[in-house]
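*Asks:* Just so it is clear, I am handing over start_37.txt, which has compact mmCIF, C-alpha atoms.
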# COMPACT_ATOMS: atom_id res chain seq x y z
CA MET A 1 37.84 -52.83 -43.60
CA SER A 2 36.63 -51.83 -40.13
CA GLY A 3 37.87 -48.72 -38.34
CA ALA A 4 39.11 -50.65 -35.31
CA THR A 5 41.43 -53.57 -34.99
CA PRO A 6 39.48 -56.83 -34.53
CA GLY A 7 39.54 -58.25 -31.09
CA THR A 8 39.77 -54.97 -29.17
CA GLY A 9 36.31 -55.43 -27.77
CA ASP A 10 35.05 -52.03 -28.89
CA GLU A 11 32.13 -53.58 -30.79
CA LYS A 12 30.97 -55.31 -27.60
CA LYS A 13 31.12 -52.07 -25.68
CA GLY A 14 28.59 -50.27 -27.84
CA LEU A 15 31.10 -48.53 -30.12
CA PRO A 16 30.66 -50.14 -33.56
CA THR A 17 33.27 -49.46 -36.15
CA GLU A 18 30.59 -47.94 -38.39
CA GLN A 19 30.87 -44.78 -36.27
CA LEU A 20 34.15 -44.00 -38.02
CA PRO A 21 33.69 -41.97 -41.20
CA ARG A 22 34.36 -43.65 -44.53
CA SER A 23 35.78 -42.31 -47.75
CA SER A 24 34.12 -42.64 -51.15
CA ASP A 25 35.97 -45.87 -51.94
CA GLY A 26 34.66 -47.52 -48.78
CA SER A 27 37.91 -47.47 -46.79
CA SER A 28 37.72 -46.21 -43.22
CA GLU A 29 39.16 -42.86 -42.23
CA VAL A 30 40.30 -41.63 -38.87
CA ALA A 31 38.09 -38.84 -37.58
CA PRO A 32 39.74 -35.65 -36.36
CA PRO A 33 40.12 -35.23 -32.61
CA PRO A 34 37.14 -33.75 -30.73
CA ARG A 35 37.11 -29.97 -30.44
CA ALA A 36 37.46 -30.21 -26.65
CA ASN A 37 40.75 -32.05 -27.12
CA LEU A 38 42.01 -29.39 -29.52
CA ILE A 39 41.19 -26.60 -27.07
CA LEU A 40 42.85 -28.47 -24.21
CA LYS A 41 46.01 -29.10 -26.26
CA GLU A 42 46.20 -25.44 -27.22
CA MET A 43 46.00 -24.50 -23.52
CA LEU A 44 48.73 -26.95 -22.55
CA ARG A 45 51.23 -26.58 -25.39
CA GLY A 46 52.58 -23.17 -24.45
CA SER A 47 56.29 -22.78 -23.89
CA ALA A 48 58.06 -21.93 -20.64
CA VAL A 49 58.37 -18.36 -21.92
CA THR A 50 54.61 -17.91 -22.14
CA THR A 51 54.19 -19.39 -18.66
CA ILE A 52 56.71 -16.94 -17.19
CA LEU A 53 55.07 -14.07 -19.06
CA ALA A 54 51.65 -15.10 -17.73
CA ILE A 55 52.95 -15.04 -14.14
CA PHE A 56 54.73 -11.72 -14.74
CA LEU A 57 51.64 -10.08 -16.24
CA ALA A 58 49.48 -11.36 -13.37
CA LEU A 59 51.91 -9.87 -10.84
CA VAL A 60 51.89 -6.55 -12.71
CA VAL A 61 48.10 -6.38 -12.63
CA GLY A 62 48.19 -7.41 -8.97
CA GLY A 63 50.65 -4.58 -8.28
CA VAL A 64 48.27 -2.09 -9.90
CA LEU A 65 45.47 -3.34 -7.64
CA ILE A 66 47.72 -3.06 -4.57
CA ALA A 67 48.47 0.54 -5.48
CA PHE A 68 44.82 1.43 -6.08
CA THR A 69 43.71 -0.05 -2.74
CA ASN A 70 46.49 1.64 -0.72
CA ALA A 71 45.35 4.50 1.54
CA ASP A 72 48.50 6.59 0.97
CA VAL A 73 48.13 6.33 -2.79
CA GLN A 74 44.50 7.36 -2.59
CA ALA A 75 45.39 10.37 -0.44
CA ALA A 76 48.23 11.47 -2.72
CA SER A 77 46.10 11.08 -5.83
CA GLY A 78 43.90 13.92 -4.56
CA TYR A 79 46.59 16.44 -5.54
CA PHE A 80 48.16 14.39 -8.38
CA PHE A 81 48.30 17.24 -10.90
CA SER A 82 50.14 19.58 -8.53
CA ARG A 83 52.61 17.00 -7.18
CA PRO A 84 52.48 13.80 -9.27
CA GLY A 85 55.73 12.53 -7.76
CA ASP A 86 54.01 11.93 -4.40
CA THR A 87 51.45 9.62 -5.99
CA LEU A 88 54.06 7.67 -7.92
CA THR A 89 56.28 7.35 -4.84
CA ALA A 90 53.35 6.15 -2.73
CA ALA A 91 52.37 3.64 -5.41
CA TRP A 92 55.92 2.28 -5.65
CA ASN A 93 56.19 1.94 -1.87
CA ALA A 94 52.84 0.16 -1.69
CA VAL A 95 53.75 -2.35 -4.39
CA TYR A 96 57.28 -2.91 -3.09
CA ASN A 97 56.13 -3.41 0.50
CA GLY A 98 53.39 -5.77 -0.63
CA TYR A 99 55.59 -8.06 -2.67
CA GLU A 100 58.41 -7.82 -0.11
CA ALA A 101 55.92 -9.07 2.48
CA LEU A 102 54.93 -11.86 0.09
CA PHE A 103 58.57 -12.94 -0.27
CA ARG A 104 59.18 -12.63 3.47
CA GLY A 105 56.16 -14.77 4.26
CA ALA A 106 56.79 -17.40 1.62
CA ILE A 107 60.54 -17.80 1.06
CA PHE A 108 62.87 -16.19 3.56
CA ASN A 109 62.30 -13.90 6.52
CA ALA A 110 65.44 -11.87 7.06
CA ARG A 111 63.85 -10.33 10.15
CA GLY A 112 63.68 -13.67 11.96
CA ALA A 113 65.35 -13.97 15.33
CA ASP A 114 67.24 -17.14 14.37
CA PHE A 115 67.86 -19.34 11.35
CA ALA A 116 64.83 -21.51 12.10
CA ALA A 117 62.56 -18.46 12.08
CA GLN A 118 64.16 -17.21 8.87
CA ILE A 119 63.55 -20.39 6.86
CA ARG A 120 60.18 -21.25 8.41
CA PRO A 121 58.34 -19.43 5.59
CA LEU A 122 59.88 -21.81 3.04
CA THR A 123 58.75 -24.85 5.01
CA ASN A 124 55.28 -23.32 5.29
CA THR A 125 55.23 -22.92 1.52
CA LEU A 126 56.12 -26.59 1.02
CA GLY A 127 53.46 -27.61 3.54
CA PHE A 128 50.75 -25.59 1.81
CA ALA A 129 51.92 -26.86 -1.58
CA ALA A 130 51.71 -30.58 -0.77
CA PRO A 131 47.93 -31.09 -1.16
CA LEU A 132 47.85 -28.67 -4.11
CA ILE A 133 50.49 -30.71 -5.92
CA ALA A 134 48.74 -34.01 -5.24
CA ALA A 135 45.34 -32.80 -6.43
CA GLY A 136 46.98 -30.96 -9.35
CA LEU A 137 48.66 -34.18 -10.48
CA GLY A 138 45.24 -35.86 -10.58
CA VAL A 139 43.79 -33.10 -12.74
CA ALA A 140 46.90 -33.00 -14.94
CA LEU A 141 46.86 -36.75 -15.54
CA ALA A 142 43.22 -36.55 -16.66
CA PHE A 143 44.10 -33.61 -18.92
CA ARG A 144 46.72 -35.73 -20.69
CA VAL A 145 43.95 -38.20 -21.56
CA GLY A 146 41.69 -35.42 -22.85
CA LEU A 147 39.43 -35.44 -19.77
CA PHE A 148 38.41 -32.36 -17.79
CA ASN A 149 38.44 -33.66 -14.21
CA ILE A 150 36.53 -31.03 -12.21
CA GLY A 151 35.84 -33.52 -9.42
CA ALA A 152 38.99 -33.33 -7.29
CA ARG A 153 36.98 -31.73 -4.50
CA GLY A 154 34.50 -34.59 -4.31
CA GLN A 155 37.28 -37.15 -4.54
CA MET A 156 39.07 -35.47 -1.62
CA LEU A 157 35.89 -35.40 0.50
CA ILE A 158 35.09 -39.05 -0.16
CA ALA A 159 38.69 -39.99 0.65
CA VAL A 160 38.38 -38.23 4.01
CA GLY A 161 35.04 -39.89 4.72
CA VAL A 162 36.25 -43.41 3.84
CA ALA A 163 39.44 -43.00 5.88
CA GLY A 164 37.49 -41.71 8.87
CA LEU A 165 34.88 -44.47 8.76
CA LEU A 166 37.30 -47.35 8.29
CA THR A 167 40.39 -46.38 10.29
CA PHE A 168 39.81 -43.64 12.89
CA ASN A 169 38.38 -46.09 15.44
CA LEU A 170 41.21 -48.57 15.06
CA ASP A 171 43.66 -48.92 17.93
CA LEU A 172 46.91 -49.29 16.00
CA PRO A 173 50.52 -48.22 16.53
CA ILE A 174 51.60 -45.14 14.61
CA TRP A 175 53.80 -47.09 12.16
CA LEU A 176 50.72 -49.07 11.09
CA HIS A 177 47.91 -46.55 11.60
CA ILE A 178 49.42 -43.95 9.23
CA PRO A 179 49.73 -46.25 6.16
CA VAL A 180 46.37 -47.93 6.79
CA THR A 181 44.60 -44.57 6.94
CA LEU A 182 46.53 -43.31 3.92
CA ILE A 183 45.69 -46.37 1.82
CA ALA A 184 42.01 -46.23 2.80
CA GLY A 185 41.79 -42.57 1.78
CA ILE A 186 43.57 -43.09 -1.54
CA ALA A 187 41.30 -46.05 -2.32
CA GLY A 188 38.23 -43.95 -1.51
CA GLY A 189 39.34 -41.18 -3.86
CA ALA A 190 40.14 -43.70 -6.60
CA LEU A 191 36.71 -45.27 -6.23
CA TRP A 192 34.95 -41.91 -6.59
CA GLY A 193 37.04 -40.95 -9.61
CA GLY A 194 36.53 -44.39 -11.12
CA ILE A 195 32.74 -43.95 -10.97
CA ALA A 196 32.99 -40.90 -13.24
CA GLY A 197 35.40 -42.71 -15.56
CA LEU A 198 33.16 -45.77 -15.81
CA ILE A 199 30.03 -43.74 -16.60
CA LYS A 200 32.01 -41.74 -19.16
CA ALA A 201 33.27 -44.93 -20.80
CA ARG A 202 29.95 -46.76 -20.82
CA THR A 203 27.51 -43.98 -21.70
CA GLY A 204 29.63 -41.23 -23.24
CA ALA A 205 28.36 -38.70 -20.69
CA HIS A 206 30.54 -35.60 -20.43
CA GLU A 207 33.03 -35.87 -17.58
CA VAL A 208 32.64 -32.20 -16.61
CA ILE A 209 28.94 -32.69 -15.77
CA LEU A 210 29.65 -36.02 -14.09
CA THR A 211 32.42 -34.75 -11.84
CA ILE A 212 30.62 -31.55 -10.87
CA MET A 213 27.52 -33.48 -9.86
CA LEU A 214 29.62 -36.01 -7.96
CA ASN A 215 31.18 -33.09 -6.06
CA TYR A 216 27.75 -32.20 -4.71
CA VAL A 217 26.98 -35.82 -3.87
CA ALA A 218 30.28 -36.17 -2.01
CA TYR A 219 29.80 -32.91 -0.09
CA TYR A 220 26.31 -33.72 1.17
CA LEU A 221 27.20 -37.35 1.83
CA LEU A 222 30.11 -36.31 4.05
CA LEU A 223 27.94 -33.66 5.73
CA TRP A 224 25.32 -36.30 6.49
CA MET A 225 27.95 -38.62 7.97
CA ILE A 226 29.26 -35.79 10.16
CA ARG A 227 25.75 -35.10 11.46
CA THR A 228 24.91 -38.76 12.09
CA PRO A 229 25.82 -40.36 15.46
CA GLY A 230 27.79 -43.56 15.06
CA LEU A 231 29.32 -42.55 11.75
CA LEU A 232 31.64 -39.54 11.71
CA GLN A 233 29.98 -37.29 14.26
CA LYS A 234 32.21 -36.39 17.19
CA PRO A 235 31.12 -38.33 20.30
CA GLY A 236 29.33 -36.29 22.94
CA THR A 237 27.86 -33.67 20.62
CA ASN A 238 24.72 -33.27 18.53
CA GLN A 239 26.23 -30.69 16.20
CA ALA A 240 27.84 -31.11 12.77
CA LEU A 241 31.29 -31.77 14.19
CA GLY A 242 33.42 -34.57 12.83
CA TYR A 243 35.97 -36.85 14.43
CA ALA A 244 39.37 -35.45 15.28
CA THR A 245 42.23 -37.27 13.60
CA PRO A 246 43.85 -39.74 16.02
CA GLU A 247 47.39 -38.79 16.93
CA SER A 248 48.60 -42.20 15.80
CA ALA A 249 47.25 -41.46 12.28
CA GLN A 250 48.83 -38.00 11.90
CA PHE A 251 51.92 -37.48 9.76
CA PRO A 252 55.02 -36.72 11.86
CA GLU A 253 56.83 -33.42 11.30
CA LEU A 254 59.86 -33.77 9.06
CA LEU A 255 62.05 -31.12 10.73
CA GLY A 256 60.64 -30.98 14.23
CA PRO A 257 58.04 -28.83 16.05
CA LYS A 258 59.58 -25.54 14.87
CA PHE A 259 58.31 -26.35 11.36
CA PRO A 260 54.81 -27.74 11.97
CA LEU A 261 53.44 -27.40 8.42
CA LEU A 262 56.13 -29.55 6.76
CA ASP A 263 55.32 -33.16 7.52
CA LEU A 264 55.65 -36.63 6.05
CA GLY A 265 52.86 -35.87 3.59
CA PHE A 266 55.26 -33.83 1.47
CA VAL A 267 57.46 -36.91 0.99
CA PHE A 268 54.45 -38.88 -0.25
CA VAL A 269 53.68 -36.07 -2.69
CA VAL A 270 57.24 -36.19 -4.09
CA VAL A 271 56.86 -39.97 -4.55
CA ALA A 272 53.50 -39.39 -6.27
CA THR A 273 55.13 -36.89 -8.65
CA LEU A 274 57.80 -39.42 -9.58
CA PHE A 275 55.13 -42.06 -10.13
CA VAL A 276 53.00 -39.84 -12.39
CA TRP A 277 56.09 -38.85 -14.40
CA TRP A 278 57.01 -42.50 -14.91
CA LEU A 279 53.42 -43.53 -15.65
CA ILE A 280 52.81 -40.90 -18.33
CA GLU A 281 56.26 -40.58 -19.89
CA ARG A 282 57.79 -44.06 -19.56
CA SER A 283 55.13 -46.76 -19.20
CA SER A 284 53.14 -48.50 -21.95
CA LEU A 285 49.89 -47.47 -20.27
CA GLY A 286 51.10 -43.87 -20.35
CA MET A 287 51.74 -44.19 -24.08
CA ARG A 288 48.15 -45.32 -24.58
CA MET A 289 46.91 -42.47 -22.39
CA ARG A 290 48.80 -39.91 -24.43
CA ALA A 291 47.47 -41.42 -27.65
CA VAL A 292 43.89 -41.18 -26.42
CA GLY A 293 44.49 -37.61 -25.31
CA GLU A 294 45.78 -36.64 -28.76
CA ASN A 295 43.00 -38.28 -30.74
CA PRO A 296 40.69 -40.97 -29.29
CA HIS A 297 39.42 -41.91 -32.77
CA ALA A 298 42.94 -42.63 -34.01
CA ALA A 299 43.75 -44.47 -30.78
CA ARG A 300 40.68 -46.68 -31.22
CA ALA A 301 41.67 -47.37 -34.83
CA ALA A 302 45.11 -48.43 -33.57
CA GLY A 303 43.53 -51.04 -31.30
CA ILE A 304 43.57 -49.12 -28.01
CA SER A 305 40.54 -49.58 -25.75
CA VAL A 306 39.63 -45.94 -25.22
CA GLN A 307 36.97 -46.78 -22.63
CA ARG A 308 39.42 -48.72 -20.52
CA VAL A 309 41.93 -45.87 -20.66
CA TYR A 310 39.26 -43.44 -19.49
CA VAL A 311 38.52 -45.62 -16.48
CA TYR A 312 42.21 -46.05 -15.63
CA ALA A 313 42.83 -42.31 -15.93
CA MET A 314 40.00 -41.39 -13.58
CA LEU A 315 41.03 -44.08 -11.10
CA PHE A 316 44.53 -42.60 -10.93
CA ALA A 317 43.17 -39.05 -10.83
CA GLY A 318 40.86 -39.91 -7.94
CA ALA A 319 43.67 -41.66 -6.07
CA LEU A 320 45.89 -38.58 -6.35
CA ALA A 321 43.05 -36.36 -5.14
CA GLY A 322 42.61 -38.81 -2.28
CA LEU A 323 46.27 -38.30 -1.41
CA ALA A 324 45.56 -34.56 -1.26
CA GLY A 325 42.67 -35.24 1.11
CA MET A 326 44.92 -37.33 3.31
CA ASN A 327 47.43 -34.49 3.46
CA GLN A 328 44.63 -32.34 4.81
CA ILE A 329 43.29 -34.80 7.36
CA GLN A 330 46.54 -36.50 8.40
CA GLY A 331 48.74 -33.41 8.38
CA ALA A 332 50.64 -32.50 11.50
CA VAL A 333 48.28 -29.49 11.86
CA THR A 334 44.71 -30.74 11.35
CA THR A 335 41.30 -29.74 12.65
CA GLY A 336 39.75 -33.14 12.05
CA ILE A 337 36.94 -34.08 9.69
CA THR A 338 34.80 -31.23 8.39
CA GLU A 339 32.76 -30.81 5.23
CA THR A 340 35.11 -28.00 4.18
CA ILE A 341 38.31 -29.98 4.72
CA ASP A 342 39.15 -29.56 1.02
CA ALA A 343 39.67 -25.79 1.60
CA GLY A 344 39.14 -25.03 -2.08
CA ILE A 345 42.14 -27.17 -3.06
CA GLY A 346 40.06 -29.25 -5.46
CA PHE A 347 39.41 -26.24 -7.67
CA ASP A 348 42.84 -24.66 -7.18
CA ALA A 349 44.23 -27.93 -8.52
CA ILE A 350 42.82 -27.03 -11.95
CA THR A 351 44.89 -23.85 -11.89
CA VAL A 352 47.99 -25.75 -10.80
CA ALA A 353 47.58 -28.32 -13.58
CA LEU A 354 47.10 -25.64 -16.22
CA LEU A 355 50.11 -23.67 -15.04
CA GLY A 356 52.18 -26.85 -14.95
CA ARG A 357 51.16 -27.65 -18.54
CA SER A 358 49.89 -31.03 -17.28
CA ARG A 359 53.44 -32.29 -16.84
CA ALA A 360 54.37 -33.99 -13.57
CA TRP A 361 57.29 -31.73 -12.64
CA GLY A 362 55.61 -28.67 -14.09
CA THR A 363 52.64 -29.33 -11.82
CA PHE A 364 55.02 -29.83 -8.91
CA ALA A 365 56.62 -26.41 -9.54
CA ALA A 366 53.23 -24.75 -10.04
CA GLY A 367 52.01 -26.20 -6.74
CA ILE A 368 54.99 -24.74 -4.93
CA LEU A 369 54.30 -21.34 -6.53
CA PHE A 370 50.70 -21.36 -5.35
CA GLY A 371 51.80 -22.63 -1.94
CA ALA A 372 54.12 -19.63 -1.77
CA LEU A 373 51.28 -17.27 -2.67
CA LYS A 374 49.14 -18.75 0.08
CA ALA A 375 51.91 -18.67 2.69
CA GLY A 376 52.88 -15.12 1.76
CA SER A 377 49.30 -13.84 1.80
CA PHE A 378 49.33 -13.79 5.61
CA SER A 379 52.31 -11.43 5.66
CA MET A 380 50.62 -9.26 3.04
CA GLN A 381 47.57 -8.95 5.26
CA ALA A 382 49.82 -7.53 7.98
CA GLN A 383 50.63 -4.73 5.49
CA ASP A 384 46.88 -3.94 5.22
CA ILE A 385 46.76 -5.49 1.75
CA PRO A 386 43.51 -7.38 1.07
CA VAL A 387 44.12 -11.10 0.88
CA ASP A 388 41.80 -11.15 -2.13
CA ILE A 389 44.64 -9.59 -4.15
CA VAL A 390 46.44 -12.95 -4.02
CA LEU A 391 43.30 -14.69 -5.29
CA VAL A 392 43.11 -12.16 -8.12
CA VAL A 393 46.71 -12.93 -9.08
CA GLN A 394 45.95 -16.66 -9.12
CA SER A 395 42.87 -16.10 -11.27
CA LEU A 396 44.79 -13.91 -13.71
CA VAL A 397 47.45 -16.60 -14.09
CA VAL A 398 44.69 -19.01 -15.10
CA LEU A 399 43.21 -16.47 -17.49
CA PHE A 400 46.49 -15.83 -19.29
CA ILE A 401 47.45 -19.53 -19.37
CA ALA A 402 44.04 -20.58 -20.65
CA ALA A 403 43.94 -17.85 -23.30
CA PRO A 404 47.27 -18.00 -25.19
CA PRO A 405 46.06 -15.66 -27.96
CA LEU A 406 45.41 -12.94 -25.35
CA LEU A 407 48.91 -13.34 -23.93
CA ARG A 408 50.47 -13.28 -27.39
CA ALA A 409 48.52 -10.11 -28.20
CA VAL A 410 49.72 -8.33 -25.05
CA PHE A 411 53.41 -9.15 -25.63
CA PHE A 412 53.26 -9.14 -29.46
CA LEU A 413 54.35 -12.79 -29.63
CA PRO A 414 54.14 -14.71 -32.93
CA LYS A 415 51.00 -16.73 -33.56
CA SER A 416 50.95 -20.44 -32.85
CA ASP A 417 50.85 -23.08 -35.57
CA ALA A 418 47.21 -23.79 -34.74
CA GLU A 419 46.24 -20.15 -35.21
CA LYS A 420 48.15 -19.94 -38.49
CA ALA A 421 46.47 -23.11 -39.75
CA ALA A 422 43.05 -21.79 -38.74
CA LYS A 423 43.72 -18.51 -40.56
CA ALA A 424 44.86 -20.39 -43.66
CA ARG A 425 41.70 -22.51 -43.64
CA ALA A 426 39.57 -19.39 -43.28
CA LYS A 427 41.28 -17.78 -46.30
CA ALA A 428 40.85 -20.96 -48.34
CA ALA A 429 37.17 -21.12 -47.44
CA LYS A 430 36.71 -17.46 -48.39
CA LYS A 431 38.36 -18.02 -51.78
CA ALA A 432 36.14 -21.05 -52.38
CA VAL A 433 33.02 -18.99 -51.65
CA MET A 434 34.21 -16.14 -53.89
CA ALA A 435 34.90 -18.60 -56.71
As structure tokens, please, write out the structure in this file.

*Replies:*
Amino acid sequence: MSGATPGTGDEKKGLPTEQLPRSSDGSSEVAPPPRANLILKEMLRGSAVTTILAIFLALVVGGVLIAFTNADVQAASGYFFSRPGDTLTAAWNAVYNGYEALFRGAIFNARGADFAAQIRPLTNTLGFAAPLIAAGLGVALAFRVGLFNIGARGQMLIAVGVAGLLTFNLDLPIWLHIPVTLIAGIAGGALWGGIAGLIKARTGAHEVILTIMLNYVAYYLLLWMIRTPGLLQKPGTNQALGYATPESAQFPELLGPKFPLLDLGFVFVVVATLFVWWLIERSSLGMRMRAVGENPHAARAAGISVQRVYVYAMLFAGALAGLAGMNQIQGAVTTGITETIDAGIGFDAITVALLGRSRAWGTFAAGILFGALKAGSFSMQAQDIPVDIVLVVQSLVVLFIAAPPLLRAVFFLPKSDAEKAAKARAKAAKKAVMA
């Protein structure tokens, strides 16, 4: 009996059923999932409690760094042993003022002159979150299929380049120019993601290497187009300056000019979140994606074309990253095409997907959290707090999410089933050796 259902086409695609291990009686067995899939599932299966604890612990460590970098705390620490209360008071004030500034810059500014000024921080948070959510959804979708998509940056850059080349010179009304540019960008991102998926499916090359290398290709390709007259270089200059986004292709502001960062792009991101939720949780293709993510060998034995699922997953992931790129280039506040238009969002998306546990609405919430951190960082800078503290907090969230055993050790949480099973196997192996 072969290890794959006849007629799936796997034999024709260079994946003979003889690759599946066989038992002593000749019957085929399903191989265990690859180790990379097991690690990824362990990172993504944490509960909401562990996620909250990871954020809390990151904020605590960030507070310690705020205190250590504060000038008043440093001055008071010089006579700590004679008057320790001064140092503790200065540390508390530094941490409180820092996180109060973060809240004021990201959620609600009670010092605002009017209601519009008071809620503007929240709209800024949503505006900053929109591209993070879109790119995070692309990374999260690939995670659910067992793929590490590190190429969101390249997919965003190619989306910007394709949209600029194909649509920026068109003379179209706004109601037509916006969707045409958006569709071109999403298609460009999907194409770039699909290349990685196709190579992965056909050759078995690791998607991490593929997507990282494609990031470099996309970056230098866009840089070349920006420096080349007749392509994306701004007319009338010989420098590496790209086209400005036509006004007819820019997303309109949702709530008017008083809230410039919240534009139509956020609505598209909400629609994308709904789509990803339906695709993964409710559609038949999503069921096949989840099966491949759990164990591609078992999925192949059940008649699922694993290669085809890989290609589909990377096409969708690239399209979502392309949507993030369009939020950057078509946003109400845009500087036009540059080789740094991704603004680090492609890599931040990995953090967002991990924090969101690769679920659509979890990624949505994680994107808003990181949007709030970015929006609030400007107010923190006004308090003489290094903006790098916010980056440290983001990195620590990733560290604690990606290392559940470390988090469980800090808070004395019970071990996971995977850790208990691994410990049991180790004991059994030790007994076998002793015997």

*Asks:* Using all atoms listed in the file, collect all residues at a distance of at most 6 Å from (43.2, -30.0, -8.9) as written in the file, then present them as a ChimeraX atom specification.

*Replies:* /A:135-136,139,152,346-350

*Asks:* Which residue, A:Ser284, A:Gln239, A:Thr123, A:Thr51, has the smallest gap to Trp224 (chain A) when you use all atoms listed in the file?

*Replies:* A:Gln239

*Asks:* Counting all atoms listed in the file, figure out which residue out of A:Asp263, A:Trp361, A:Gly236, A:Ile158 gets nearest to Ala187 (chain A).

*Replies:*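 Distance minimum relative to Ala187 (chain A) lands on A:Ile158.
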
*Asks:* By how many Å are CA of Thr228 (chain A) and CA of Leu157 (chain A) apart?

*Replies:*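 One can read the CA of Thr228 (chain A) to CA of Leu157 (chain A) distance as 16.3 Å.
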
*Asks:* What gap, in Å, lies between CA of Phe128 (chain A) and CA of Ser395 (chain A)?

*Replies:* 18.0 Å

*Asks:* What is the distance between CA of Ala201 (chain A) and CA of Val311 (chain A), in Å to one decimal?

*Replies:*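 CA of Ala201 (chain A) sits 6.8 Å away from CA of Val311 (chain A).
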
*Asks:* Rank nothing, just name the residue among A:Gly322, A:Gly98, A:Gly242, A:Gly293 nearest to Gln155 (chain A), using all atoms listed in the file.

*Replies:*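 With all atoms listed in the file as the atom set, the closest residue is A:Gly322.
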
*Asks:* Using all atoms listed in the file, which of the listed residues (A:Gly164, A:Pro121, A:Gly204, A:Gly138) sits closest to Gln307 (chain A)?

*Replies:*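 Nearest to Gln307 (chain A): A:Gly204.
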
*Asks:* Using only C-alpha atoms - which residues lie no farther than 12 Å from the point (44.3, -46.0, -3.7) in the file's frame? Write them as an MDAnalysis selection string.

*Replies:* chainID A and resid 155:156 159 162:163 179:194 272 314:326

*Asks:* Nearest to Ala353 (chain A) among A:Val271, A:Leu221, A:Ile150, A:Val390, with distances taken over all atoms listed in the file: which residue is it?

*Replies:* A:Ile150

*Asks:* Taking only C-alpha atoms into account, name the residue in A:Ala244, A:Ile52, A:Val160, A:Met289 that is nearest to Arg308 (chain A).

*Replies:* A:Met289

*Asks:* Using only the atoms of region 365-376 of chain A listed in the file, plus 3 Å on each side, state the axis-aligned box centre and edge lengths in Å rounded to one decimal, as lines of an AutoDock Vina configuration file.

*Replies:*
center_x = 52.9
center_y = -20.8
center_z = -3.7
size_x = 13.5
size_y = 17.3
size_z = 18.7

*Asks:* Would you mind listing what lies within 10 Å of Gly85 (chain A) as a PyMOL selection string, with only C-alpha atoms counted and same-chain residues fewer than 6 positions away left out?

*Replies:* chain A and resi 76-77+91

*Asks:* Fewer than 4 positions away in the same chain doesn't count, so skip those; otherwise give me all residues within 8 Å of Gly265 (chain A), counting only C-alpha atoms, as a PyMOL selection string.

*Replies:* chain A and resi 130+251+269+327+330-331
